[in-house]
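See structure below.
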Amino acid sequence: MTAQPTNLAGIDVRAEIERLRKERNAVILAHYYQKPEIQDLADFVGDSLELSKKAAATDADVIAFCGVKFMADTAKILSPQKIVILPDLDAGCSLEDSCPPEKFKAFREAHPDHIALTYINCSTEVKALSDVIVTSSSAETILAQIPPEQKIIFGPDRHLGGYLNRKFGRDMLLWPGVCIVHEAFSETELLKLKAQHPGAPIAAHPECPPTIVDHADYVGSTSGILQFAKTFPGDTLIVATEPHIIHQMQLALPEKTFIGAPGADGNCNCNICPYMALNTLEKLYVALRDLQPRIEIEEGLRLGAKKSLDAMLAMASGTVGKGDLGRA
Ligand code: 13P
Ligand code: SF4
């Protein structure tokens, strides 16, 4: 059940979040795609891999996860003794939705000589059906450890899988899922924007289709794109990923200009993740107050999913950042 702010009139939501955070011994984790007001009060803002690691290592009693459900599920899988709350349980992900576990199971069974290398943007059930999980910041490092002759199924994001195939000369079998947010960038509009800012590089997330990625000067995870933004020599950067990450860029480099890549009509809001946007400060306050909505996962399923996440953490360890998908 989703926590619904009812009558919050007269309540100082920020002050209450501060009070409850201490009272509950809670840590607030936020993804870069969260609204700026949530990023600003989080204890830690990061990409999928960094947030998984924080969730696994925290000594807090409560993890208030400001992101989407598969990320909060991952926190619970790795930290089962903690209470994990998500401000809005409906904060899903189009990639997770594109990969129903029963269809993924049948696909795996049809390819018994393949291992399943699976993007973290999937359900707990699909993680339990997989061999190794990857995030966009760990995929390259992990793929490099798998012998070239090993046959691989990669799901659910066909664009990330295709990008890896092209870059590393692999022929992984791709599940046909896409992120509706990154799919919405328009090549025509991007080229028009580029013509207006000829010197500005383009940084893109590998969830973008090849029509966008092929124009990018840098391709990488959210943390990789942020790192690129902090180090590129120019004064203007075009950012082809969910635009809320620009908040961190502006905080770090207020003198530079960061422009979100456009969608089909040139200036639509179609690149804002509608799932991430479901979380609000008010819902976070109610979730901390009620310790609901809470993530619960059946223990057998959790242990199955933990195996593929543990494989990711082991294979990615010590190389985060260096092994990013980035190309400068
Ligand atoms: P990152 O792992 O790069 O943070 O990506 C998460 C995500 O959902 C991108 O859409
Ligand atoms: Fe899922 Fe796309 Fe939203 Fe990321 S941006 S959470 S992949 S729908």
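Ordering of the structure tokens sets the chain letters (A, B, ...), residue numbers begin anew at 1 in every chain, and ligands are numbered from 1 in the order given.
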Give me, as a compact mmCIF listing (two decimals) with C-alpha atoms, in the first residue's frame, the set of residues whose atoms come within 9 Å of any atom of ligand 1, counting only C-alpha atoms and all ligand atoms.
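Dumped everything to result.txt:
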```txt
# COMPACT_ATOMS: atom_id res chain seq x y z
CA HIS A 31 19.12 8.41 -6.98
CA TYR A 32 20.33 11.25 -9.24
CA TYR A 33 16.93 11.26 -10.98
CA GLY A 46 24.33 8.13 -6.20
CA ASP A 47 23.94 5.77 -9.14
CA SER A 48 22.44 2.28 -8.94
CA LEU A 49 25.69 0.54 -8.00
CA GLU A 50 26.71 3.12 -5.40
CA LEU A 51 23.26 3.01 -3.80
CA GLY A 67 14.41 5.93 -6.19
CA VAL A 68 12.37 3.29 -7.97
CA MET A 71 16.40 -0.17 -6.30
CA CYS A 93 10.46 1.05 -14.15
CA LEU A 95 12.55 -1.95 -18.13
CA ILE A 120 19.77 -4.37 -12.31
CA ASN A 121 16.61 -2.64 -13.67
CA VAL A 134 25.24 -5.51 -13.80
CA THR A 135 24.64 -1.80 -13.51
CA SER A 136 25.64 0.64 -16.22
CA SER A 137 28.72 1.57 -14.16
CA SER A 138 29.86 -2.04 -13.66
CA CYS A 179 13.56 2.58 -21.05
CA VAL A 181 12.58 7.88 -20.85
CA HIS A 182 15.82 7.39 -22.80
CA HIS A 205 23.47 7.23 -20.86
CA PRO A 206 23.81 3.84 -22.60
CA GLU A 207 20.05 3.30 -22.19
CA GLY A 220 28.37 6.21 -19.30
CA SER A 221 26.31 5.69 -16.17
CA THR A 222 24.78 8.56 -14.24
CA SER A 223 27.87 8.77 -12.00
CA GLY A 224 30.10 8.56 -15.09
CA ILE A 225 28.19 11.40 -16.79
CA THR A 241 19.79 11.30 -19.62
CA GLU A 242 17.06 12.05 -17.09
CA CYS A 273 11.16 9.64 -15.45
```
Which of range 20-203 of chain A counts as strand (DSSP E) under DSSP, as number ranges by chain please?
A: 26-31, 44-46, 62-66, 83-85, 114-119, 132-134, 151-155, 173-174, 202-203
Mind writing the picked residues with N, CA and C atoms as a short mmCIF file (atom, residue, chain, number, x, y, z; two decimals), in the first residue's frame?
```cif
data_model
loop_
_atom_site.label_atom_id
_atom_site.label_comp_id
_atom_site.auth_asym_id
_atom_site.auth_seq_id
_atom_site.Cartn_x
_atom_site.Cartn_y
_atom_site.Cartn_z
N ALA A 26 17.44 6.46 10.64
CA ALA A 26 17.22 6.17 9.21
C ALA A 26 18.30 6.82 8.35
N VAL A 27 18.62 6.16 7.25
CA VAL A 27 19.48 6.77 6.24
C VAL A 27 18.61 7.02 5.00
N ILE A 28 18.75 8.21 4.43
CA ILE A 28 17.96 8.53 3.21
C ILE A 28 18.89 8.43 2.01
N LEU A 29 18.60 7.47 1.14
CA LEU A 29 19.39 7.27 -0.08
C LEU A 29 18.58 7.78 -1.27
N ALA A 30 19.22 8.52 -2.16
CA ALA A 30 18.49 9.06 -3.31
C ALA A 30 19.26 8.85 -4.61
N HIS A 31 18.52 8.52 -5.64
CA HIS A 31 19.12 8.41 -6.98
C HIS A 31 19.21 9.81 -7.61
N PHE A 44 22.86 10.43 1.07
CA PHE A 44 23.75 10.02 -0.01
C PHE A 44 22.96 10.03 -1.32
N VAL A 45 23.56 10.61 -2.36
CA VAL A 45 22.96 10.61 -3.70
C VAL A 45 23.91 9.84 -4.61
N GLY A 46 23.40 8.91 -5.39
CA GLY A 46 24.33 8.13 -6.20
C GLY A 46 23.66 7.40 -7.35
N VAL A 62 16.82 1.90 9.43
CA VAL A 62 15.81 2.11 8.38
C VAL A 62 16.52 2.69 7.15
N ILE A 63 16.21 2.13 5.98
CA ILE A 63 16.69 2.71 4.73
C ILE A 63 15.47 3.34 4.05
N ALA A 64 15.47 4.67 3.94
CA ALA A 64 14.41 5.35 3.20
C ALA A 64 14.95 5.53 1.79
N PHE A 65 14.41 4.74 0.87
CA PHE A 65 14.99 4.70 -0.48
C PHE A 65 14.21 5.61 -1.42
N CYS A 66 14.83 6.68 -1.85
CA CYS A 66 14.21 7.59 -2.80
C CYS A 66 14.75 7.26 -4.18
N ILE A 83 14.70 -2.21 7.93
CA ILE A 83 13.39 -1.81 7.39
C ILE A 83 13.68 -0.93 6.17
N VAL A 84 13.16 -1.33 5.01
CA VAL A 84 13.37 -0.54 3.79
C VAL A 84 12.03 0.06 3.37
N ILE A 85 11.99 1.37 3.30
CA ILE A 85 10.74 2.04 2.88
C ILE A 85 10.98 2.80 1.57
N HIS A 114 23.45 -20.69 -22.52
CA HIS A 114 23.75 -19.27 -22.26
C HIS A 114 23.69 -18.98 -20.77
N ILE A 115 24.56 -18.08 -20.31
CA ILE A 115 24.37 -17.55 -18.96
C ILE A 115 23.54 -16.26 -19.07
N ALA A 116 22.92 -15.86 -17.97
CA ALA A 116 22.11 -14.63 -18.00
C ALA A 116 22.83 -13.52 -17.25
N LEU A 117 23.26 -12.54 -18.04
CA LEU A 117 23.87 -11.32 -17.49
C LEU A 117 22.74 -10.29 -17.54
N THR A 118 22.33 -9.80 -16.38
CA THR A 118 21.07 -9.04 -16.34
C THR A 118 21.26 -7.67 -15.70
N TYR A 119 20.71 -6.67 -16.37
CA TYR A 119 20.74 -5.29 -15.87
C TYR A 119 19.92 -5.22 -14.58
N VAL A 132 24.47 -13.22 -13.17
CA VAL A 132 25.20 -12.05 -12.69
C VAL A 132 24.40 -10.81 -13.04
N ILE A 133 24.27 -9.90 -12.06
CA ILE A 133 23.61 -8.62 -12.31
C ILE A 133 24.70 -7.60 -12.67
N VAL A 134 24.33 -6.63 -13.52
CA VAL A 134 25.24 -5.51 -13.80
C VAL A 134 24.45 -4.21 -13.66
N LYS A 151 28.44 -18.05 -24.15
CA LYS A 151 27.22 -17.45 -24.71
C LYS A 151 26.44 -16.75 -23.60
N ILE A 152 25.89 -15.60 -23.94
CA ILE A 152 25.25 -14.76 -22.91
C ILE A 152 23.89 -14.27 -23.39
N ILE A 153 22.92 -14.32 -22.46
CA ILE A 153 21.65 -13.60 -22.65
C ILE A 153 21.80 -12.29 -21.88
N PHE A 154 21.50 -11.16 -22.52
CA PHE A 154 21.52 -9.88 -21.80
C PHE A 154 20.12 -9.27 -21.83
N GLY A 155 19.62 -8.95 -20.63
CA GLY A 155 18.30 -8.31 -20.56
C GLY A 155 18.28 -7.35 -19.40
N LEU A 173 22.76 -12.28 -26.74
CA LEU A 173 21.36 -12.36 -27.17
C LEU A 173 20.58 -11.34 -26.34
N LEU A 174 19.87 -10.42 -26.99
CA LEU A 174 19.28 -9.29 -26.27
C LEU A 174 17.78 -9.46 -26.02
N ILE A 202 28.39 16.15 -26.03
CA ILE A 202 27.16 15.45 -25.62
C ILE A 202 27.56 14.28 -24.73
N ALA A 203 26.93 14.19 -23.56
CA ALA A 203 27.14 13.03 -22.68
C ALA A 203 25.83 12.25 -22.65
#
```
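Distance check against Leu284 in chain A using only C-alpha atoms: of A:Lys307, A:Ser317, A:Asp88, A:Ala56, the minimum falls on A:Asp88.
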Select from range 131-215 of chain A everything DSSP, run on the backbone, classes as helix (DSSP H, G or I), then give the selection as a VMD selection string.
chain A and resid 139 to 143 158 to 168 182 to 184 187 to 196 210 to 213
Pull N, CA and C atoms from the residues just selected and write them as an mmCIF file, in the first residue's frame.
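New file part.cif:
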```cif
data_model
loop_
_atom_site.group_PDB
_atom_site.id
_atom_site.type_symbol
_atom_site.label_atom_id
_atom_site.label_comp_id
_atom_site.auth_asym_id
_atom_site.auth_seq_id
_atom_site.Cartn_x
_atom_site.Cartn_y
_atom_site.Cartn_z
ATOM 1 N N ALA A 139 29.017 -2.770 -15.842
ATOM 2 C CA ALA A 139 28.809 -3.749 -16.915
ATOM 3 C C ALA A 139 30.101 -4.075 -17.675
ATOM 4 N N GLU A 140 30.896 -3.048 -17.959
ATOM 5 C CA GLU A 140 32.098 -3.299 -18.750
ATOM 6 C C GLU A 140 33.092 -4.163 -17.978
ATOM 7 N N THR A 141 33.318 -3.798 -16.730
ATOM 8 C CA THR A 141 34.252 -4.550 -15.887
ATOM 9 C C THR A 141 33.823 -6.006 -15.769
ATOM 10 N N ILE A 142 32.519 -6.199 -15.610
ATOM 11 C CA ILE A 142 32.006 -7.558 -15.411
ATOM 12 C C ILE A 142 32.069 -8.354 -16.712
ATOM 13 N N LEU A 143 31.648 -7.734 -17.811
ATOM 14 C CA LEU A 143 31.674 -8.432 -19.103
ATOM 15 C C LEU A 143 33.107 -8.847 -19.457
ATOM 16 N N ARG A 158 17.736 -3.571 -24.264
ATOM 17 C CA ARG A 158 18.401 -3.923 -25.525
ATOM 18 C C ARG A 158 19.397 -2.846 -25.956
ATOM 19 N N HIS A 159 19.179 -1.591 -25.529
ATOM 20 C CA HIS A 159 20.125 -0.549 -25.942
ATOM 21 C C HIS A 159 21.446 -0.671 -25.181
ATOM 22 N N LEU A 160 21.380 -0.901 -23.874
ATOM 23 C CA LEU A 160 22.623 -1.109 -23.118
ATOM 24 C C LEU A 160 23.333 -2.366 -23.638
ATOM 25 N N GLY A 161 22.566 -3.440 -23.851
ATOM 26 C CA GLY A 161 23.156 -4.677 -24.363
ATOM 27 C C GLY A 161 23.780 -4.469 -25.742
ATOM 28 N N GLY A 162 23.065 -3.739 -26.609
ATOM 29 C CA GLY A 162 23.576 -3.479 -27.960
ATOM 30 C C GLY A 162 24.839 -2.632 -27.916
ATOM 31 N N TYR A 163 24.849 -1.670 -27.019
ATOM 32 C CA TYR A 163 26.031 -0.815 -26.866
ATOM 33 C C TYR A 163 27.240 -1.671 -26.452
ATOM 34 N N LEU A 164 27.021 -2.567 -25.495
ATOM 35 C CA LEU A 164 28.109 -3.447 -25.040
ATOM 36 C C LEU A 164 28.555 -4.375 -26.168
ATOM 37 N N ASN A 165 27.584 -4.917 -26.900
ATOM 38 C CA ASN A 165 27.923 -5.794 -28.030
ATOM 39 C C ASN A 165 28.809 -5.068 -29.035
ATOM 40 N N ARG A 166 28.399 -3.843 -29.391
ATOM 41 C CA ARG A 166 29.160 -3.083 -30.406
ATOM 42 C C ARG A 166 30.542 -2.729 -29.884
ATOM 43 N N LYS A 167 30.594 -2.288 -28.627
ATOM 44 C CA LYS A 167 31.870 -1.808 -28.105
ATOM 45 C C LYS A 167 32.869 -2.940 -27.876
ATOM 46 N N PHE A 168 32.371 -4.106 -27.471
ATOM 47 C CA PHE A 168 33.287 -5.186 -27.091
ATOM 48 C C PHE A 168 33.245 -6.368 -28.056
ATOM 49 N N HIS A 182 14.681 7.210 -21.895
ATOM 50 C CA HIS A 182 15.824 7.394 -22.798
ATOM 51 C C HIS A 182 15.439 7.178 -24.261
ATOM 52 N N GLU A 183 14.400 6.379 -24.480
ATOM 53 C CA GLU A 183 13.898 6.136 -25.839
ATOM 54 C C GLU A 183 13.288 7.415 -26.429
ATOM 55 N N ALA A 184 12.896 8.349 -25.569
ATOM 56 C CA ALA A 184 12.143 9.528 -26.031
ATOM 57 C C ALA A 184 13.040 10.653 -26.564
ATOM 58 N N GLU A 187 16.781 12.358 -32.199
ATOM 59 C CA GLU A 187 18.035 12.618 -32.904
ATOM 60 C C GLU A 187 17.961 13.942 -33.665
ATOM 61 N N THR A 188 16.829 14.181 -34.345
ATOM 62 C CA THR A 188 16.682 15.416 -35.123
ATOM 63 C C THR A 188 16.820 16.641 -34.224
ATOM 64 N N GLU A 189 16.119 16.609 -33.089
ATOM 65 C CA GLU A 189 16.170 17.759 -32.178
ATOM 66 C C GLU A 189 17.550 17.891 -31.542
ATOM 67 N N LEU A 190 18.198 16.761 -31.282
ATOM 68 C CA LEU A 190 19.543 16.797 -30.688
ATOM 69 C C LEU A 190 20.514 17.475 -31.659
ATOM 70 N N LEU A 191 20.398 17.133 -32.944
ATOM 71 C CA LEU A 191 21.299 17.731 -33.935
ATOM 72 C C LEU A 191 21.026 19.231 -34.098
ATOM 73 N N LYS A 192 19.754 19.622 -33.987
ATOM 74 C CA LYS A 192 19.429 21.067 -34.037
ATOM 75 C C LYS A 192 20.061 21.777 -32.846
ATOM 76 N N LEU A 193 19.964 21.172 -31.675
ATOM 77 C CA LEU A 193 20.535 21.772 -30.454
ATOM 78 C C LEU A 193 22.055 21.863 -30.577
ATOM 79 N N LYS A 194 22.636 20.806 -31.107
ATOM 80 C CA LYS A 194 24.098 20.765 -31.288
ATOM 81 C C LYS A 194 24.533 21.893 -32.241
ATOM 82 N N ALA A 195 23.727 22.137 -33.275
ATOM 83 C CA ALA A 195 24.060 23.202 -34.228
ATOM 84 C C ALA A 195 24.032 24.572 -33.549
ATOM 85 N N GLN A 196 23.169 24.707 -32.540
ATOM 86 C CA GLN A 196 23.111 25.989 -31.795
ATOM 87 C C GLN A 196 24.283 26.141 -30.829
ATOM 88 N N PRO A 210 20.921 3.861 -30.237
ATOM 89 C CA PRO A 210 22.151 4.181 -30.975
ATOM 90 C C PRO A 210 22.065 5.521 -31.707
ATOM 91 N N THR A 211 20.871 5.936 -32.122
ATOM 92 C CA THR A 211 20.719 7.220 -32.826
ATOM 93 C C THR A 211 21.176 8.395 -31.948
ATOM 94 N N ILE A 212 21.169 8.214 -30.642
ATOM 95 C CA ILE A 212 21.634 9.256 -29.713
ATOM 96 C C ILE A 212 23.073 8.973 -29.299
ATOM 97 N N VAL A 213 23.320 7.739 -28.885
ATOM 98 C CA VAL A 213 24.654 7.353 -28.390
ATOM 99 C C VAL A 213 25.735 7.611 -29.449
#
```
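When only C-alpha atoms and all ligand atoms are used to measure the gap to ligand 2, the shortest distance among A:Ala240, A:Met172, A:Leu253, A:Ala144 belongs to A:Ala240.
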Let me make sure I understand: among A:Gln150, A:Thr74, A:Thr124, A:Asn271, which one has the smallest atom-to-atom distance to ligand 2 if we use only C-alpha atoms and all ligand atoms?
A:Asn271
List as a PyMOL selection string the protein and nucleic acid residues near Cys270 in chain A, meaning an atom at most 9 Å away when only C-alpha atoms are counted, but skip any in the same chain fewer than 5 places from it.
chain A and resi 180-181+184-185+262-264
Which one is closest to Glu18 in chain A: A:Asp290, A:Ala72, A:Ala42, A:Asp61? Count only C-alpha atoms.
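Using only C-alpha atoms, Glu18 in chain A sits closest to A:Ala42.
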Env of range 291-299 of chain A: 12 Å cut, atoms = only C-alpha atoms, seq-sep filter 4 positions within chain, self excluded. Answer as a ChimeraX atom specification.
/A:1-5,20-21,23-26,61-65,68-91,123-125,128,279,283-287,303-306
Report, in Å to a single decimal, how far apart CA of Cys268 in chain A and atom 3 (Fe, counted along the ligand's line) of ligand 2 are.
16.2 Å
CA of Gln39 in chain A and CA of Asp12 in chain A, how far apart in Å?
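Separating CA of Asp12 in chain A from CA of Gln39 in chain A is a distance of 17.8 Å.
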